[in-house]
Structure formats: C-alpha cells, structure tokens
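Asker: Below is the structure I would like to discuss, written out as structure tokens.
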Amino acid sequence: MPSYISEPHQVIIGEDEKYVVNMGPQHPSTHGVLRFELTIKGETIVNLVPHCGYIHRGIEKMCESNTYQQIIHLTDRLDYMSAHQNNEAVSLCVEKALGVEVPERAKVVRTILSELSRLSSHLLWWAAFGMDLGALTSFFYAMRDREKILDIFEENTGGRLIQSYICPGGLMYDIQPNFAQRVKDLLAYLRKKLPEYDRLLTGNVIFLNRTQGIGRMSKEMAIDYAVTGPAGRGSGFSCDVRRYEPYSAYDRVEFKEILYTEGDTFARYKVRMDEMWESMKIIDQLIDQIPDGPHTAKMKPVIKLPAGEYYQRVETAKGELGIYIISDGEKNPLRFRLRTPCFSNLFVIDKLAVGTKIADLIAIFGSLDLVIPDIDR
Amino acid sequence: MSFNIYDFTSFTQSIHDGLSSVMAPGWVTFTELVIVGIVFLAFYALTGLALVYIERKVCAFIQNRVGPNRVGPYGLFQTVADATKLLLKELLMVHKADKFLFNLAPYIVIVASFMALGALPFAKGLHAIDLNIGVLYILAVTSLSVLGILIAGWSSNSKYSLIGAMRSGAQVVSYELSVGMALLTVVLFTGSMQLSVIVESQVDGWWIFKGHIPAFIALIIYIVASTAEINRGPFDIAEAESELAAGFHTEYSGMKFAFFFLAEYVNMFFVAGLAATVFLGGWMPLHIGGFEAFNRVMDFIPPIIWFFGKTFALIYIIMLFKWTFPRIRIDQLLTLEWKYLLPINLFNILIVALIVMMGWHF
C-alpha cells in the first residue's frame with residue numbers, strides 16, 4: 001500500500017497499554033471533516049496525527065482555468081465564515097497588480113463588511129466552543145445573534161454565508177439605503193448581548209478549569225509554526241496584518257491589537273471575545289461616514305494581469321490569508337496559491353495536545369478555531 | 001372502595017379486604033404483588049414519557065426556543081412518537097460482541113432503578129417497600145446500575161464504548177460515597193433508616209429547615225453527587241456527544257437504547273424524589289411546628305401533590321444545571337469528589353452528630 005495510507009488497525013490493546021483511536025472524519029467536534037489518529041494510553045494522548053484532505057476540492061487548480069472574476073466565487077468557499085475577507089484578498093491582489101484605485105465608498109464598505117464577517121465568525125466560534133465543552137446553550141444564544149448579521153448580509157449581497165460581493169474594482173453592486181441604520185441597530189443590540197455571553201461561560205468555574213493552563217503555546221512555538229490570528233495573538237505573537245500592512249480603510253481607524261501572553265486556551269478565548277468588541281469599535285468609527293460616490297472603479301470586462309508575481313495578505317477571522325498569483329499575461333492565472341491560516345494553525349496541535357487528556361484535545365482544537373475547508377482548499 | 005385522597009391506607013385496605021374475601025391469603029399476596037408490579041411498570045413508563053417531554057421543553061426554554069410543538073397539542077405526543085420510532089428500529093448486533101452480556105446490560109440498569117423506585121413513599125399509605133433499613137436498601141440497589149454500564153461498555157466490542165464505560169464506572173463508584181454520606185446526616189437527625197419514619201419525623205418542619213446549616217450543606221452535596229451518579233448534567237462525560245459519540249451506549253439501537261434512555265430519566269425522578277423525601281419532607285406538607293392554623297391550611301393540599309411538586313421542583317433545578325454548565329473533565333470530576341466533597345461530607349456528619357447529641361436542632 002502507498003505510504004500515505006495507514007494500515008487498518010484492529011481492536012487490540014498494545015503491550016504497553018497504548019491503543020489507537022480514530023477521531024473523525026465524521027465527528028461532532030471536528031468542525032468539518034478532519035481525522036485525528038490518536039494513540040492513547042488510558043485517558044492520556046501519547047501521539048496525535050491529523051489527517052486532512054477529506055474535503056480537498058482542488059480550488060487552486062480550478063482557479064487556473066477561471067477568470068479573475070470567477071475566482072471570487074471559488075475563494076468564497078474557503079473559510080466560509082469570512083467569505084468577505086477572502087474575496088477582499090483576491091480583489092486587493094488583482095487591483096494591486098493592475099494599479100487600479102478603488103473608490104472611497106467601496107473601501108469603507110469593504111472594511112465594514114470585513115469586520116461584520118469577523119464578528120459573525122467569532123460568534124459561531126463561541127457557539128461551537130461552548131457546545132464542544134458541553135454547554136449546549138451557548139450554541140443557541142450565539143446563533144440567534146449571528147442571524148441578525150446574516151440578515152444584513154442577505155439584504156445587501158444576496159447571500160448569508162457565501163456572498164461573492166467584493167470583486168476586483170470595488171463592490172459588485174451598491175449597498176442598500178438602510179445599510180448604515182441596520183448596522184447601527186445591530187451594534188446596539190450586540191453590545192447588550194455580549195456581556196450575557198461572559199456571564200454564561202467566561203466566569204464559569206467549570207469552564208475556567210477546562211481551559212486555563214490547557215494547551216500552552218509559547219510565543220516561539222507560535223512563530224515557528226506560523227500560527228497567526230487570534231490563536232497566535234493569545235501567545236503574544238503580534239501579527240495583525242491590519243496593523244502592519246493596512247489595507248482598505250484600516251489606516252484611518254483606531255483599534256487595539258489584542259495580545260495576551262499566557263498562551264493557553266483561555267487566553268485564545270479571551271482574545272476572540274475582546275476582538276469582537278474591537279470590531280464593533282471599528283465599525284462604529286466608519287458607519288456614519290460612508291462616502292458617497294461610485295461603488296466600483298471602471299474595470300475592463302476581461303481582466304488580464306501583467307506578467308509577474310503578486311502577493312497580498314489580509315487578516316481574516318482565523319488569521320493571515322495570503323494570495324499569491326503568478327500571471328503570464330493571460331486572463332487566467334498561471335499559478336494561484338493560497339496561504340490559508342487554518343493550515344498553519346492546524347499543525348501545531350500535536351505539539352499542544354500530546355500529554356493531555358481527550359477532553360483537553362477538544363478544548364484545544366476548539367480554541368484554535370479551525371475551519372476544515374480552509375485547510376484542505 | 002373508600003378513596004380518600006389524603007390517606008391512601010383506606011383505599012389499599014379496602015382492596016386487600018376485597019381480595020381476602022374471595023381468595024386464600026397466599027393468593028391474595030400474589031395478586032397484590034401482581035397489581036403493584038403492573039402499577040409500577042405503568043408509572044415507570046409514564047414518568048419516563050413525561051420527563052423526556054419536560055426535559056425538551058425546559059431545554060428549549062433555556063435556549064430561547066419553543067421545543068416540540070407539532071406532534072399533538074403543545075407537542076405532548078412527541079415522546080410517544082419517539083418511543084414508537086425506537087420500537088420499530090432494527091436491533092443491530094455488533095460484530096463479535098458478547099451476545100448474552102450485550103443483551104443483559106440494559107435490563108440490569110432498568111431493574112436497578114425499578115427496585116429503587118419501589119422504596120419511595122409517594123403519599124401516606126402509598127409505600128410499596130417499607131423496609132426498616134430503607135436508606136441502606138436504596139443505596140445498595142442503586143449501586144447495581146454501574147454493573148449495567150460496565151457490562152454495556154465491555155460487551156460492545158468498541159473502543160469508544162469501553163472508554164465511556166470505564167469513565168462512567170469510576171465516576172459512579174466515587175460519587176456513591178457522597179450520596180450515602182449526605183443521606184446519613186438525615187438518618188442521624190431522625191434516628192432511623194426507615195423512609196416512612198423519616199417522613200413522619202418531619203411533621204413539625206422539614207429537615208432542611210430543622211437541621212439548618214448542616215442539612216442544607218448535605219442537600220447541596222446530595223444534589224451534586226446524585227447528578228454525577230445518574231451520569232447527567234455537567235457530569236455526563238460517559239455519554240459526551242461531542243467527544244466520544246455517545247460513549248457506552250454507542251452500539252445500542254432500538255428498544256435496548258430506549259431502556260438506557262428511559263432508565264436515565266426515571267433515575268433522575270428517583271434521585272429528586274429521594275431528596276424530596278429525606279430533606280424536604282416527602283409527602284409531608286410544609287408545617288411549622290407550633291403554628292396550628294398554618295399547618296391546617298397546608299394540610300388542605302393532598303400529600304401526593306406535595307410529593308410530586310417537590311420532586312418536580314428539584315427535577316427542574318437538575319435540568320437547569322445540565323443545559324447551562326460545560327462538562328467537567330474526568331480527572332477534575334474525580335478530584336472534586338475525593339478531595340472536596342468527601343472531606344466536606346465527613347466534617348458535616350461530625351457536626352450533625354454533635355448537634356444531635358447536644359439537641360441544637362429544631
């Protein structure tokens with residue numbers, strides 16, 4: 001058998017009491033199809049091998065035979081929680097290559113939608129994290145609030161999760177007239193609801209016992225494994241792309257980069273909870289000042305990038321997404337490479353989880369906030 | 001047939017007399033056993049049905065949604081539909097599972113909870129098994145269910161089931177100690193293990209009020225420990241859906257799974273009923289020793305309503321725990337018992353012994 005297919009295991013308990021258990025690919029807690037091959041001794045994990053690829057759809061290869069406007073629809077489906085941010089990344093890369101200046105209105109709306117995606121992603125993460133740990137109620141609370149964000153998306157873009165709205169040049173069509181009002185109402189509502197989440201989970205003794213001190217990732221480990229996003233910032237690795245390479249309207253808003261130094265599951269949890277407040281602050285600063293004007297720049301119907309290599313990175317909700325396009329002047333890219341955050345974040349898990357219990361693996365995995373299609377593309 | 005809702009003794013006595021006049025005494029006993037058995041079976045099934053529906057409604061209430069409301073008015077027939085579905089399911093037999101043990105496990109769990117349920121005093125005169133070692137009998141019988149769980153996990157020939165069963169076995173065996181010792185405080189107060197005597201002794205006030213602080217501590221410990229005993233709430237690692245895909249009863253389907261499912265809910269009823277009996281007065285109305293007028297007013301409500309009212313109040317609290325708190329890890333669970341609950345319990349018993357000797361309770 002080829003070496004990448006592992007031998008089937010029988011139900012045998014080895015000589016030194018180790019046995020191999022598969023967690024997944026279908027499993028309530030691996031959010032998506034991911035298989036963990038765990039070697040456990042009693043309750044403690046001795047070895048952990050993640051097997052990805054169950055949802056590999058060949059997005060990078062498909063992009064090589066699609067035009068740049070069609071690629072938007074494919075990148076939506078990577079990390080579907082941050083569809084706007086994925087689209088923004090591709091659009092920014094194409095615009096950088098062509099030297100197109102995006103109108104101000106489009107920049108501001110892109111940033112607002114990007115932050116709303118981050119909010120929606122973090123709300124879903126909180127829902128799933130609580131549910132994995134056993135607090136099944138958190139799922140319903142966060143989903144109820146997330147529905148309001150998705151309603152705004154649907155009204156403006158036509159899609160709840162997958163929008164394909166931010167395209168090279170600006171936005172695909174203009175926002176609705178009541179966009180600003182709806183977003184303001186949403187923020188007022190969320191500001192009342194987020195403290196409720198803290199009361200439910202953050203202060204709970206059982207929850208603190210399950211998350212504090214679990215899965216400690218040092219800053220060096222985060223840098224070595226390139227763990228970006230909230231997972232890395234929980235260990236003190238300052239990597240926020242919005243701060244270091246501002247794009248769209250991020251250079252004109254004030255926001256803090258949330259950093260915690262403990263590096264355990266609870267620190268990663270707190271980073272995401274605080275990031276939700278920061279996102280709301282960013283939206284607040286922009287929502288009243290959406291400039292008038294065209295919503296898109298004039299683009300040719302057939303986009304051909306000049307020959308060369310172009311790279312653009314954005315900060316999605318999960319971490320740093322990088323788009324690398326090699327073009328040879330045709331209307332399809334020669335090579336389209338995605339540096340996805342979840343792929344890098346996944347492979348630190350065997351360092352974090354070895355030596356802990358099965359229940360801790362669930363907590364650590366939940367705190368890394370992985371979306372499996374992002375890993376497999 | 002004289003039926004007095006306040007005292008079922010006349011009702012049961014009249015049945016006994018009626019039977020004695022037509023049969024020989026041996027047959028009378030046999031018939032009475034059959035009648036009690038059938039009544040309990042029906043009660044068991046109905047309680048399970050009602051509790052599953054109540055759980056779904058309470059869960060929905062906490063999660064800000066409605067719960068079942070399609071099957072029947074207000075969704076009342078939802079559990080009937082569930083039971084029908086489970087009856088019609090194919091009973092899968094796992095490859096290379098130990099057939100005898102695999103089939104035996106659900107029955108052990110049901111029998112254990114059935115035997116315990118018989119010992120609860122439901123109302124004045126409605127007490128099936130009134131042994132003079134009542135509390136001890138109950139502790140002994142509830143310990144049998146851990147056998148069922150371990151057998152289920154082992155005979156399923158599946159690693160997940162085995163892990164779940166081992167965790168559950170450790171958990172149940174540890175928390176039995178706390179349950180026993182929490183009940184022991186009230187036995188010390190009353191001076192007897194017989195449940196009917198314990199209920200009678202609360203005629204001038206429930207032990208939770210008469211026994212003030214130690215009885216309150218004992219009630220809290222009892223609720224926590226018995227939630228762990230029945231594999232429920234924050235202590236449901238044995239069947240943690242998000243970790244091990246249903247733990248020790250992963251491989252069970254159809255009616256056998258229904259048995260485990262039912263036993264868990266009726267166990268919850270039993271545990272709440274026992275707490276109500278021992279700490280909250282059972283079928284005894286709320287009396288304040290010395291206030292005759294108040295006691296007369298309280299006596300107006302039939303004892304059986306008191307019993308079920310208290311039990312369902314405690315059931316509601318137990319359900320709230322499950323749907324609010326995250327799950328505890330197995331080693332934290334065992335730490336909680338052996339390092340915290342057990343010492344507090346022992347200390348509590350010491351204080352109660354002192355109080356009883358000195359007469360410092362009401």
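Following the order of the structure tokens, chains are lettered A, B, ..., residues in each are numbered from 1, and ligands are numbered from 1.
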Can you list every residue of chain A that has an atom at most 8 Å from chain B, with its nearest atom pair and the distance in Å to one decimal, using only C-alpha atoms, ordered by chain then number, as JSON lines?

Answerer:
{"residue": "A:Val11", "atom": "CA", "partner": "B:Lys159", "partner_atom": "CA", "distance": 7.1}
{"residue": "A:Val21", "atom": "CA", "partner": "B:Lys159", "partner_atom": "CA", "distance": 7.3}
{"residue": "A:His27", "atom": "CA", "partner": "B:Ala245", "partner_atom": "CA", "distance": 7.4}
{"residue": "A:Pro28", "atom": "CA", "partner": "B:Ser242", "partner_atom": "CA", "distance": 5.3}
{"residue": "A:Ser29", "atom": "CA", "partner": "B:Ser242", "partner_atom": "CA", "distance": 5.4}
{"residue": "A:Gly130", "atom": "CA", "partner": "B:Pro326", "partner_atom": "CA", "distance": 7.0}
{"residue": "A:Met131", "atom": "CA", "partner": "B:Ser242", "partner_atom": "CA", "distance": 7.7}
{"residue": "A:Asp132", "atom": "CA", "partner": "B:Ser242", "partner_atom": "CA", "distance": 5.5}
{"residue": "A:Leu133", "atom": "CA", "partner": "B:Pro326", "partner_atom": "CA", "distance": 5.3}
{"residue": "A:Gly134", "atom": "CA", "partner": "B:Pro326", "partner_atom": "CA", "distance": 4.3}
{"residue": "A:Ala135", "atom": "CA", "partner": "B:Pro326", "partner_atom": "CA", "distance": 4.1}
{"residue": "A:Leu136", "atom": "CA", "partner": "B:Trp323", "partner_atom": "CA", "distance": 6.1}
{"residue": "A:Thr137", "atom": "CA", "partner": "B:Gln63", "partner_atom": "CA", "distance": 5.4}
{"residue": "A:Phe140", "atom": "CA", "partner": "B:Gln63", "partner_atom": "CA", "distance": 5.8}
{"residue": "A:Tyr141", "atom": "CA", "partner": "B:Gln63", "partner_atom": "CA", "distance": 6.8}
{"residue": "A:Leu200", "atom": "CA", "partner": "B:Thr324", "partner_atom": "CA", "distance": 7.4}
{"residue": "A:Leu201", "atom": "CA", "partner": "B:Phe325", "partner_atom": "CA", "distance": 7.9}
{"residue": "A:Asn204", "atom": "CA", "partner": "B:Phe325", "partner_atom": "CA", "distance": 7.7}
{"residue": "A:Ile206", "atom": "CA", "partner": "B:Ile328", "partner_atom": "CA", "distance": 6.3}
{"residue": "A:Phe207", "atom": "CA", "partner": "B:Pro326", "partner_atom": "CA", "distance": 6.1}
{"residue": "A:Arg210", "atom": "CA", "partner": "B:Arg329", "partner_atom": "CA", "distance": 7.0}
{"residue": "A:Ile358", "atom": "CA", "partner": "B:Glu243", "partner_atom": "CA", "distance": 7.7}
{"residue": "A:Ala359", "atom": "CA", "partner": "B:Arg329", "partner_atom": "CA", "distance": 6.3}
{"residue": "A:Ile362", "atom": "CA", "partner": "B:Glu243", "partner_atom": "CA", "distance": 7.2}

Asker: Which residues come within 12 Å of B:Lys124, counting only C-alpha atoms, excluding same-chain residues fewer than 2 positions away, as a ChimeraX atom specification?

Answerer: /B:4-12,120-122,126-128,130,195-197,199-200,281-285,302-307

Asker: Would you list, as a ChimeraX atom specification, the residues of stretch 158-250 of chain A that end up in alpha helix (DSSP H) under DSSP run on this structure's backbone?

Answerer: /A:179-197,205-211,219-225,229-233,241-244

Asker: Write out, as a JSON list (two decimals), in the first residue's frame, the residues just selected, with C-alpha atoms.

Answerer:
[["chain", "number", "residue", "atom", "x", "y", "z"],
["A", 179, "PHE", "CA", -27.41, 49.60, 5.46],
["A", 180, "ALA", "CA", -25.98, 52.13, 7.91],
["A", 181, "GLN", "CA", -29.11, 52.16, 10.05],
["A", 182, "ARG", "CA", -29.34, 48.41, 10.21],
["A", 183, "VAL", "CA", -25.72, 48.05, 11.17],
["A", 184, "LYS", "CA", -26.10, 50.65, 13.89],
["A", 185, "ASP", "CA", -29.14, 48.84, 15.30],
["A", 186, "LEU", "CA", -27.23, 45.59, 15.19],
["A", 187, "LEU", "CA", -24.32, 47.03, 17.14],
["A", 188, "ALA", "CA", -26.62, 48.44, 19.80],
["A", 189, "TYR", "CA", -28.22, 45.01, 20.14],
["A", 190, "LEU", "CA", -24.90, 43.15, 20.26],
["A", 191, "ARG", "CA", -23.46, 45.43, 22.87],
["A", 192, "LYS", "CA", -26.29, 44.39, 25.17],
["A", 193, "LYS", "CA", -25.88, 40.70, 24.40],
["A", 194, "LEU", "CA", -22.13, 40.17, 24.65],
["A", 195, "PRO", "CA", -21.97, 40.63, 28.44],
["A", 196, "GLU", "CA", -24.54, 37.83, 28.62],
["A", 197, "TYR", "CA", -22.01, 35.53, 26.98],
["A", 205, "VAL", "CA", -15.69, 27.80, 37.29],
["A", 206, "ILE", "CA", -16.13, 24.61, 35.33],
["A", 207, "PHE", "CA", -15.23, 26.42, 32.12],
["A", 208, "LEU", "CA", -12.15, 28.01, 33.68],
["A", 209, "ASN", "CA", -11.00, 24.62, 34.90],
["A", 210, "ARG", "CA", -11.39, 23.21, 31.43],
["A", 211, "THR", "CA", -9.49, 26.00, 29.69],
["A", 219, "LYS", "CA", 5.50, 32.70, 21.57],
["A", 220, "GLU", "CA", 8.45, 30.91, 20.00],
["A", 221, "MET", "CA", 6.23, 27.98, 19.08],
["A", 222, "ALA", "CA", 3.69, 30.31, 17.56],
["A", 223, "ILE", "CA", 6.33, 31.99, 15.45],
["A", 224, "ASP", "CA", 7.94, 28.70, 14.43],
["A", 225, "TYR", "CA", 4.69, 27.15, 13.32],
["A", 229, "GLY", "CA", -4.69, 35.23, 14.04],
["A", 230, "PRO", "CA", -6.23, 35.10, 17.47],
["A", 231, "ALA", "CA", -4.54, 31.78, 18.17],
["A", 232, "GLY", "CA", -1.12, 33.35, 17.78],
["A", 233, "ARG", "CA", -2.04, 36.57, 19.49],
["A", 241, "VAL", "CA", -1.95, 42.36, 9.29],
["A", 242, "ARG", "CA", -4.39, 45.20, 9.74],
["A", 243, "ARG", "CA", -1.80, 46.98, 11.81],
["A", 244, "TYR", "CA", 1.38, 46.14, 9.95]]

Asker: Please list as a ChimeraX atom specification every residue within 10 Å of A:Gly293, counting only C-alpha atoms and excluding residues in the same chain fewer than 2 positions away.

Answerer: /A:103-106,290-291,295-296

Asker: Could you please take those selected residues and save C-alpha atoms as a compact mmCIF listing (two decimals), in the first residue's frame?

Answerer:
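Contents of part23.txt, freshly written:
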# COMPACT_ATOMS: atom_id res chain seq x y z
CA PRO A 103 -13.27 54.44 -4.81
CA GLU A 104 -13.51 55.52 -1.17
CA ARG A 105 -17.05 54.28 -0.80
CA ALA A 106 -16.02 50.78 -1.76
CA ILE A 290 -19.64 56.11 4.30
CA PRO A 291 -18.60 58.42 1.48
CA HIS A 295 -19.24 51.80 -5.69
CA THR A 296 -16.79 50.36 -8.17

Asker: Report as a Markdown table: every residue of stretch 45-124 of chain A with an atom at most 9 Å from stretch 255-279 of chain A, its closest pair of atoms, and their distance in Å to one decimal, counting only C-alpha atoms, with rows sorted by chain and ascending residue number.

Answerer:
| residue | atom | partner | partner_atom | distance |
| --- | --- | --- | --- | --- |
| A:Ile112 | CA | A:Ser279 | CA | 9.0 |
| A:Glu115 | CA | A:Ser279 | CA | 5.6 |
| A:Leu116 | CA | A:Ser279 | CA | 7.5 |
| A:Arg118 | CA | A:Ser279 | CA | 7.4 |
| A:Leu119 | CA | A:Met276 | CA | 5.7 |
| A:His122 | CA | A:Arg272 | CA | 6.5 |
| A:Leu123 | CA | A:Met276 | CA | 8.3 |

Asker: Could you write out the selected residues, including N, CA and C atoms, as a CSV table (one decimal), in the first residue's frame?

Answerer:
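Produced file result.csv, reproduced below:
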chain,number,residue,atom,x,y,z
A,112,ILE,N,-16.2,47.6,6.5
A,112,ILE,CA,-17.3,47.3,7.4
A,112,ILE,C,-17.8,45.9,7.3
A,115,GLU,N,-15.3,43.5,8.9
A,115,GLU,CA,-15.4,43.4,10.4
A,115,GLU,C,-16.7,42.7,10.8
A,116,LEU,N,-17.8,42.9,10.0
A,116,LEU,CA,-19.0,42.1,10.3
A,116,LEU,C,-18.8,40.6,10.1
A,118,ARG,N,-15.9,39.2,10.6
A,118,ARG,CA,-15.2,38.8,11.8
A,118,ARG,C,-16.1,38.5,13.0
A,119,LEU,N,-17.0,39.4,13.1
A,119,LEU,CA,-18.0,39.3,14.2
A,119,LEU,C,-18.8,38.0,14.1
A,122,HIS,N,-16.5,35.0,14.8
A,122,HIS,CA,-16.2,34.8,16.2
A,122,HIS,C,-17.5,34.3,17.0
A,123,LEU,N,-18.7,34.8,16.6
A,123,LEU,CA,-19.9,34.4,17.3
A,123,LEU,C,-20.1,32.9,17.0

Asker: Extract, using only C-alpha atoms, all DNA, RNA and protein residues at most 8 Å from A:Glu320, discarding same-chain residues fewer than 3 positions from it, and format them as a VMD selection string.

Answerer: chain A and resid 228 to 229 240 to 241 313 to 316 339 to 341

Asker: As a list in words, please: all residues of stretch 174-311 of chain A that backbone DSSP puts in strand (DSSP E or B).

Answerer: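 Put together, the selection reads Thr296, Gly308, Glu309, Tyr310 and Tyr311 of chain A.
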
Asker: Considering only C-alpha atoms, return as an MDAnalysis selection string whatever protein or nucleic-acid residues lie within 9 Å of stretch 250-260 of chain B, sequence-local ones (same chain, fewer than 3 positions apart) excluded.

Answerer: chainID B and resid 83 85:94 102:103 105:107 109:110 152:153 156:158 160:161 239 244:247 263:265

Asker: By how many Å are atom CA of A:Leu370 and atom CA of A:Ile323 apart?

Answerer: 18.8 Å

Asker: Tell me, as a list in words, which residues lie within 12 Å of B:Val146, counting only C-alpha atoms; anything in the same chain fewer than 6 positions away does not count.

Answerer: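 Near B:Val146, the qualifying residues are Ala105, Pro106, Ile108, Val109, Ile110, Val111, Ala112, Ser113, Ala140, Ala152, Gly153, Ala165, Met166, Arg167, Ser168, Gly169, Ala170, Gln171, Val172, Val173, Ser174, Tyr175, Glu176, Glu229, Ile230, Asn231, Ala238 and Phe248 of chain B.
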
Asker: Please identify all polymer residues within 8 Å of stretch 351-362 of chain B, counting only C-alpha atoms, omitting same-chain residues fewer than 5 positions from it, and present them as a VMD selection string.

Answerer: chain B and resid 185 188 to 189 210 to 212 214

Asker: What gap, in Å, lies between atom CA of A:Pro301 and atom CA of A:Leu78?

Answerer: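 Answer for the atom CA of A:Pro301 to atom CA of A:Leu78 separation: 25.2 Å.
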
Asker: Determine the nearest neighbour of A:Ser248 from the options A:Leu161, A:Val109, A:Cys342, A:Leu48, counting only C-alpha atoms.

Answerer: A:Val109

Asker: Can you tell me how far atom CA of A:Lys96 sits from atom CA of A:Glu245, in Å to one decimal?

Answerer: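 Going from atom CA of A:Lys96 over to atom CA of A:Glu245, I get 13.5 Å.
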